[in-house]
Amino acid sequence: MTLSPSDPVALAQASPERLALTLLTQRLTESDAAKLGVFLRIGQAQLLCDWRFVSEGAAHVVVVAGPEPDTVPGLLDNPRATLHVLDAANDPAGDAWTSLLRPLQYEAFTSALSRIEQMVMRPRVEAASSTTPAHSSPSAPAPVPMPLRDPALTLGAGYRLHRWPSADVLRGHRYNTRLASFMSTRHVEIDELAQLSNVSRSDCIAFVGRLLKAGLLDVKSTPLRLPAAAAALASDAPRAAALARKRPAPGLFSKIRHSLGMR
Amino acid sequence: MNAMVSHKIVFTGTPGAGKTTAIAALSDKPPVLTDVRNTDASLGKERTTVGLDFGEVDLGDGQSVRLLGTPGQLRFEFMWQIIATDALGLVILIDNSRPDPLADLATYLDAYEALLPSMNCAVGVGRTLECPLPTLDDFADALAARGWVFPVLAVDVRERDDVLMLVDTVLAQAETRI
């Protein structure tokens with residue numbers, strides 16, 4: 001159910017159906033936008049509303065890099081909320097929850113969205129107030145999904161641990177420790193993780209989601225990557241040759257695991 | 001005749017942390033040990049390693065993995081890097097019952113600092129049941145503060161599965177570096 005963001009009463013009364021709320025990003029780096037896209041995709045299940053990014057026009061929430069959103073010609077009203085992506089722990093807006101500090105954290109972002117949901121869905125939401133959200137356009141355009149909502153593009157995101165997880169986070173699947181190890185040396189994509197570990201893709205996604213929720217991952221949206229050896233060859237043939245000499249023979253790791261009786 | 005290809009995994013860490021026991025748990029054949037009667041009362045054990053412990057896992061087709069244990073005492077620091085150079089992995093074993101386990105970890109991180117950027121490394125913390133502090137999270141924080149993300153696992157080196165888990169995390173790191 002998609003409602004005009006300029007109609008908070010309708011929004012508030014529309015429950016119990018899931019409401020569609022929109023986010024407009026301004027001046028975010030590609031990396032930050034990618035992270036938020038991934039956070040939203042993973043966090044959707046725990047949120048009450050269906051959130052989606054729009055590239056222009058009306059939106060319930062603006063996510064802006066820096067303290068002030070861009071001025072939009074014709075803008076009459078403020079959005080429902082403005083989230084600020086900041087480098088430092090100062091919040092010019094005065095509300096800590098509206099500040100998203102770099103490196104962006106899953107928990108902070110989804111908590112902010114939950115808080116906005118509560119504001120929007122409160123039965124006696126500020127119907128009479130003039131704080132109707134929205135950017136200017138009189139007829140709200142259909143929300144345009146952000147590319148990262150596309151599952152295929154989500155696959156392009158690489159995940160790397162910036163701290164080893166606690167035992168609580170590792171608990172669950174017996175291969176979680178191994179999965180975490182794969183992500184401790186470099187950014188690894190979901191499909192690559194599944195391939196390296198021989199753990200199902202859905203289990204990998206679930207574990208990565210748990211790590212994101214715990215704020216332990218650095219997320220990097222990467223373009224299609226050449227295989228490591230090909231990339232090395234393309235850029236520096238002598239170095240590639242040296243790497244090839246140092247590289248263990250194919251199957252070494254499975255041989256070691258087999259010889260040691262690991263499953 | 002095919003040349004023998006061997007890889008090595010190095011176990012290092014504080015005296016009494018269980019390096020010799022860990023190697024014995026994995027080795028195909030009885031490990032070669034260089035234990036002597038301990039004359040350092042502060043270590044609280046009868047025997048200690050003064051050279052290096054050696055075990056081996058035969059992979060077939062002319063390949064093997066050598067398991068090397070360094071002597072733990074600081075006076076043998078000069079050997080640590082030599083032994084670990086070109087290793088497939090490094091396992092740092094910490095005894096949580098010692099007076100300052102985090103300082104012990106720092107000692108080994110400092111000693112191997114030059115190798116760590118390209119080293120597959122895991123930290124095994126022993127005696128966590130008797131001595132729960134510092135916690136595994138404390139170790140992870142200490143590593144993160146220095147920019148390292150190495151697996152930190154509680155380990156009982158007498159349990160082969162615990163030692164295997166440490167080795168498994170080292171292998172996983174090695175796989176992602178290929």
# chains A, B, ... in the order shown; residues from 1 in each chain; ligands from 1
$ interface_residues --of "chain A" --to "chain B" --cutoff "9 Å" --atoms "only C-alpha atoms" --output "ChimeraX atom specification"
/A:161-167,177-186,188,196-197,228-229,243,247-248,252-253,255-262
$ select_by_dssp --residues "region 48-116 of chain B" --states "helix (DSSP H, G or I)" --output "PDB file with N, CA and C atoms, in the first residue's frame"
ATOM      1  N   LEU B  74      60.173 -15.531  26.691  1.00  0.00           N
ATOM      2  CA  LEU B  74      60.555 -14.313  25.964  1.00  0.00           C
ATOM      3  C   LEU B  74      62.015 -14.329  25.530  1.00  0.00           C
ATOM      4  N   ARG B  75      62.845 -15.050  26.284  1.00  0.00           N
ATOM      5  CA  ARG B  75      64.271 -15.037  25.942  1.00  0.00           C
ATOM      6  C   ARG B  75      64.537 -15.747  24.614  1.00  0.00           C
ATOM      7  N   PHE B  76      63.515 -16.489  24.117  1.00  0.00           N
ATOM      8  CA  PHE B  76      63.678 -17.142  22.823  1.00  0.00           C
ATOM      9  C   PHE B  76      63.017 -16.354  21.698  1.00  0.00           C
ATOM     10  N   GLU B  77      62.704 -15.103  21.968  1.00  0.00           N
ATOM     11  CA  GLU B  77      61.988 -14.285  20.984  1.00  0.00           C
ATOM     12  C   GLU B  77      62.702 -14.265  19.627  1.00  0.00           C
ATOM     13  N   PHE B  78      64.019 -14.313  19.665  1.00  0.00           N
ATOM     14  CA  PHE B  78      64.775 -14.229  18.405  1.00  0.00           C
ATOM     15  C   PHE B  78      64.401 -15.345  17.434  1.00  0.00           C
ATOM     16  N   MET B  79      63.877 -16.459  17.983  1.00  0.00           N
ATOM     17  CA  MET B  79      63.524 -17.592  17.112  1.00  0.00           C
ATOM     18  C   MET B  79      62.141 -17.465  16.497  1.00  0.00           C
ATOM     19  N   TRP B  80      61.297 -16.684  17.151  1.00  0.00           N
ATOM     20  CA  TRP B  80      59.874 -16.707  16.790  1.00  0.00           C
ATOM     21  C   TRP B  80      59.629 -16.338  15.324  1.00  0.00           C
ATOM     22  N   GLN B  81      60.184 -15.206  14.927  1.00  0.00           N
ATOM     23  CA  GLN B  81      59.942 -14.765  13.548  1.00  0.00           C
ATOM     24  C   GLN B  81      60.584 -15.690  12.538  1.00  0.00           C
ATOM     25  N   ILE B  82      61.751 -16.205  12.895  1.00  0.00           N
ATOM     26  CA  ILE B  82      62.451 -17.107  11.970  1.00  0.00           C
ATOM     27  C   ILE B  82      61.570 -18.323  11.676  1.00  0.00           C
ATOM     28  N   ILE B  83      61.005 -18.863  12.737  1.00  0.00           N
ATOM     29  CA  ILE B  83      60.186 -20.068  12.581  1.00  0.00           C
ATOM     30  C   ILE B  83      58.914 -19.771  11.784  1.00  0.00           C
ATOM     31  N   ALA B  84      58.347 -18.590  11.996  1.00  0.00           N
ATOM     32  CA  ALA B  84      57.043 -18.296  11.388  1.00  0.00           C
ATOM     33  C   ALA B  84      57.137 -17.756   9.968  1.00  0.00           C
ATOM     34  N   PRO B 101      47.044 -11.611  30.714  1.00  0.00           N
ATOM     35  CA  PRO B 101      46.938 -12.261  29.397  1.00  0.00           C
ATOM     36  C   PRO B 101      46.907 -11.267  28.237  1.00  0.00           C
ATOM     37  N   LEU B 102      46.320 -10.098  28.439  1.00  0.00           N
ATOM     38  CA  LEU B 102      46.273  -9.121  27.344  1.00  0.00           C
ATOM     39  C   LEU B 102      47.677  -8.595  27.030  1.00  0.00           C
ATOM     40  N   ALA B 103      48.465  -8.438  28.078  1.00  0.00           N
ATOM     41  CA  ALA B 103      49.860  -8.023  27.850  1.00  0.00           C
ATOM     42  C   ALA B 103      50.626  -9.134  27.140  1.00  0.00           C
ATOM     43  N   ASP B 104      50.302 -10.388  27.495  1.00  0.00           N
ATOM     44  CA  ASP B 104      50.941 -11.508  26.796  1.00  0.00           C
ATOM     45  C   ASP B 104      50.625 -11.452  25.302  1.00  0.00           C
ATOM     46  N   LEU B 105      49.346 -11.218  25.000  1.00  0.00           N
ATOM     47  CA  LEU B 105      48.965 -11.127  23.586  1.00  0.00           C
ATOM     48  C   LEU B 105      49.748 -10.009  22.896  1.00  0.00           C
ATOM     49  N   ALA B 106      49.837  -8.883  23.581  1.00  0.00           N
ATOM     50  CA  ALA B 106      50.560  -7.744  22.995  1.00  0.00           C
ATOM     51  C   ALA B 106      52.012  -8.108  22.699  1.00  0.00           C
ATOM     52  N   THR B 107      52.602  -8.896  23.593  1.00  0.00           N
ATOM     53  CA  THR B 107      53.989  -9.315  23.388  1.00  0.00           C
ATOM     54  C   THR B 107      54.146 -10.069  22.066  1.00  0.00           C
ATOM     55  N   TYR B 108      53.209 -10.976  21.816  1.00  0.00           N
ATOM     56  CA  TYR B 108      53.319 -11.787  20.593  1.00  0.00           C
ATOM     57  C   TYR B 108      52.950 -10.984  19.350  1.00  0.00           C
ATOM     58  N   LEU B 109      51.984 -10.080  19.501  1.00  0.00           N
ATOM     59  CA  LEU B 109      51.642  -9.232  18.352  1.00  0.00           C
ATOM     60  C   LEU B 109      52.832  -8.354  17.979  1.00  0.00           C
ATOM     61  N   ASP B 110      53.508  -7.858  18.997  1.00  0.00           N
ATOM     62  CA  ASP B 110      54.699  -7.036  18.718  1.00  0.00           C
ATOM     63  C   ASP B 110      55.788  -7.878  18.037  1.00  0.00           C
ATOM     64  N   ALA B 111      55.980  -9.060  18.568  1.00  0.00           N
ATOM     65  CA  ALA B 111      57.064  -9.892  18.057  1.00  0.00           C
ATOM     66  C   ALA B 111      56.849 -10.295  16.595  1.00  0.00           C
ATOM     67  N   LEU B 116      52.526 -10.093  10.385  1.00  0.00           N
ATOM     68  CA  LEU B 116      51.079 -10.194  10.541  1.00  0.00           C
ATOM     69  C   LEU B 116      50.247  -9.670   9.364  1.00  0.00           C
TER      70      LEU B 116
END
$ select_by_dssp --residues "chain B" --states "strand (DSSP E)" --output "JSON, numbers by chain"
{"B": [5, 6, 7, 8, 9, 10, 11, 12, 13, 35, 36, 37, 47, 48, 49, 53, 54, 55, 56, 57, 58, 59, 60, 63, 64, 65, 66, 67, 68, 69, 89, 90, 91, 92, 93, 94, 95, 121, 122, 123, 124, 125, 126, 152, 153, 154]}
$ write_last_selection --atoms "N, CA and C atoms" --output "compact mmCIF listing (two decimals), in the first residue's frame"
# COMPACT_ATOMS: atom_id res chain seq x y z
N VAL B 5 56.74 -31.40 -0.97
CA VAL B 5 56.27 -30.04 -0.71
C VAL B 5 55.71 -30.00 0.70
N SER B 6 56.24 -29.09 1.49
CA SER B 6 55.71 -29.02 2.85
C SER B 6 55.28 -27.59 3.18
N HIS B 7 54.24 -27.50 3.93
CA HIS B 7 53.74 -26.23 4.42
C HIS B 7 53.88 -26.26 5.93
N LYS B 8 53.79 -25.10 6.54
CA LYS B 8 53.92 -25.15 8.00
C LYS B 8 52.89 -24.27 8.69
N ILE B 9 52.44 -24.76 9.80
CA ILE B 9 51.56 -23.99 10.69
C ILE B 9 52.30 -23.88 12.02
N VAL B 10 52.41 -22.68 12.51
CA VAL B 10 53.22 -22.42 13.70
C VAL B 10 52.32 -22.15 14.91
N PHE B 11 52.65 -22.79 15.99
CA PHE B 11 51.96 -22.53 17.26
C PHE B 11 52.92 -21.76 18.16
N THR B 12 52.47 -20.62 18.60
CA THR B 12 53.30 -19.81 19.47
C THR B 12 52.45 -19.39 20.68
N GLY B 13 53.06 -18.74 21.63
CA GLY B 13 52.29 -18.28 22.79
C GLY B 13 53.02 -18.51 24.08
N ASP B 35 61.50 -30.65 24.99
CA ASP B 35 61.23 -30.26 26.38
C ASP B 35 62.42 -30.62 27.27
N VAL B 36 62.66 -29.78 28.22
CA VAL B 36 63.67 -30.08 29.24
C VAL B 36 63.05 -29.78 30.60
N ARG B 37 63.76 -30.23 31.61
CA ARG B 37 63.26 -29.95 32.96
C ARG B 37 63.29 -28.43 33.18
N ARG B 47 58.22 -29.30 32.97
CA ARG B 47 59.04 -29.30 31.77
C ARG B 47 58.63 -28.15 30.86
N THR B 48 59.55 -27.68 30.07
CA THR B 48 59.25 -26.60 29.14
C THR B 48 60.06 -26.76 27.86
N THR B 49 59.55 -26.16 26.77
CA THR B 49 60.18 -26.31 25.47
C THR B 49 61.30 -25.28 25.31
N ASP B 53 59.05 -27.58 18.93
CA ASP B 53 58.32 -28.84 18.83
C ASP B 53 57.96 -29.06 17.37
N PHE B 54 57.92 -30.33 17.00
CA PHE B 54 57.68 -30.63 15.58
C PHE B 54 56.71 -31.79 15.44
N GLY B 55 55.65 -31.53 14.67
CA GLY B 55 54.72 -32.60 14.31
C GLY B 55 54.45 -32.50 12.82
N GLU B 56 53.76 -33.48 12.28
CA GLU B 56 53.56 -33.48 10.83
C GLU B 56 52.24 -34.15 10.47
N VAL B 57 51.60 -33.58 9.47
CA VAL B 57 50.39 -34.19 8.91
C VAL B 57 50.68 -34.50 7.45
N ASP B 58 50.60 -35.77 7.10
CA ASP B 58 50.89 -36.18 5.72
C ASP B 58 49.64 -36.00 4.87
N LEU B 59 49.79 -35.26 3.78
CA LEU B 59 48.65 -35.02 2.91
C LEU B 59 48.62 -36.00 1.74
N GLY B 60 49.61 -36.87 1.65
CA GLY B 60 49.71 -37.75 0.49
C GLY B 60 50.33 -36.99 -0.67
N GLN B 63 52.95 -34.19 -0.29
CA GLN B 63 52.74 -32.93 0.44
C GLN B 63 52.54 -33.23 1.92
N SER B 64 52.94 -32.29 2.72
CA SER B 64 52.72 -32.43 4.16
C SER B 64 52.57 -31.06 4.80
N VAL B 65 52.02 -31.07 5.99
CA VAL B 65 51.95 -29.84 6.78
C VAL B 65 52.77 -30.07 8.04
N ARG B 66 53.76 -29.24 8.22
CA ARG B 66 54.58 -29.33 9.42
C ARG B 66 53.97 -28.44 10.50
N LEU B 67 53.89 -28.99 11.67
CA LEU B 67 53.34 -28.25 12.81
C LEU B 67 54.52 -27.89 13.71
N LEU B 68 54.78 -26.62 13.85
CA LEU B 68 55.94 -26.19 14.61
C LEU B 68 55.50 -25.41 15.85
N GLY B 69 56.09 -25.74 16.96
CA GLY B 69 55.80 -25.01 18.19
C GLY B 69 57.02 -24.24 18.65
N GLY B 89 50.14 -20.48 8.44
CA GLY B 89 49.33 -19.87 9.48
C GLY B 89 50.06 -19.81 10.80
N LEU B 90 49.56 -18.94 11.65
CA LEU B 90 50.16 -18.74 12.97
C LEU B 90 49.04 -18.81 14.01
N VAL B 91 49.20 -19.69 14.97
CA VAL B 91 48.22 -19.80 16.05
C VAL B 91 48.88 -19.29 17.33
N ILE B 92 48.32 -18.26 17.91
CA ILE B 92 48.84 -17.70 19.16
C ILE B 92 48.01 -18.25 20.31
N LEU B 93 48.65 -18.96 21.20
CA LEU B 93 47.94 -19.54 22.34
C LEU B 93 48.23 -18.71 23.59
N ILE B 94 47.18 -18.32 24.27
CA ILE B 94 47.30 -17.49 25.47
C ILE B 94 46.74 -18.26 26.65
N ASP B 95 47.45 -18.22 27.75
CA ASP B 95 46.99 -18.87 28.98
C ASP B 95 46.29 -17.80 29.84
N CYS B 121 46.21 -15.78 10.89
CA CYS B 121 46.51 -15.87 12.32
C CYS B 121 45.23 -16.08 13.13
N ALA B 122 45.33 -16.86 14.18
CA ALA B 122 44.20 -17.04 15.10
C ALA B 122 44.73 -17.03 16.53
N VAL B 123 43.87 -16.60 17.43
CA VAL B 123 44.25 -16.53 18.84
C VAL B 123 43.39 -17.52 19.63
N GLY B 124 44.05 -18.45 20.30
CA GLY B 124 43.34 -19.40 21.15
C GLY B 124 43.59 -19.05 22.61
N VAL B 125 42.52 -18.91 23.35
CA VAL B 125 42.65 -18.52 24.76
C VAL B 125 42.28 -19.72 25.63
N GLY B 126 43.22 -20.16 26.42
CA GLY B 126 43.00 -21.33 27.25
C GLY B 126 42.65 -20.98 28.69
N VAL B 152 39.30 -15.15 17.54
CA VAL B 152 39.64 -15.33 18.96
C VAL B 152 38.70 -16.39 19.51
N LEU B 153 39.25 -17.51 19.89
CA LEU B 153 38.40 -18.62 20.33
C LEU B 153 38.89 -19.17 21.66
N ALA B 154 37.94 -19.57 22.49
CA ALA B 154 38.31 -20.28 23.70
C ALA B 154 38.77 -21.67 23.28
$ residues_around --residues "Asn96 (chain B)" --least-positions-apart "3" --cutoff "9 Å" --atoms "only C-alpha atoms" --output "list in words"
Ala17, Pro99, Asp100, Pro101, Leu102, Val125, Gly126, Arg127, Thr128, Glu130, Cys131, Pro132, Leu133 and Pro134 of chain B
$ atom_distance --atom1 "CA of Ser99 (chain A)" --atom2 "CA of Gly158 (chain A)"
24.6 Å
$ residues_around --residues "Arg158 (chain B)" --least-positions-apart "5" --cutoff "8 Å" --atoms "only C-alpha atoms" --output "mmCIF file with N, CA and C atoms, in the first residue's frame"
data_model
loop_
_atom_site.group_PDB
_atom_site.id
_atom_site.type_symbol
_atom_site.label_atom_id
_atom_site.label_comp_id
_atom_site.auth_asym_id
_atom_site.auth_seq_id
_atom_site.Cartn_x
_atom_site.Cartn_y
_atom_site.Cartn_z
ATOM 1 N N THR B 21 51.014 -29.635 23.472
ATOM 2 C CA THR B 21 49.822 -30.484 23.507
ATOM 3 C C THR B 21 49.011 -30.329 22.218
ATOM 4 N N ALA B 22 48.909 -29.093 21.730
ATOM 5 C CA ALA B 22 48.136 -28.841 20.513
ATOM 6 C C ALA B 22 48.759 -29.566 19.325
ATOM 7 N N ALA B 25 48.130 -33.156 19.445
ATOM 8 C CA ALA B 25 46.733 -33.495 19.139
ATOM 9 C C ALA B 25 46.511 -33.658 17.645
#
$ atom_distance --atom1 "CA of Leu211 (chain A)" --atom2 "CA of Ala20 (chain A)"
26.8 Å
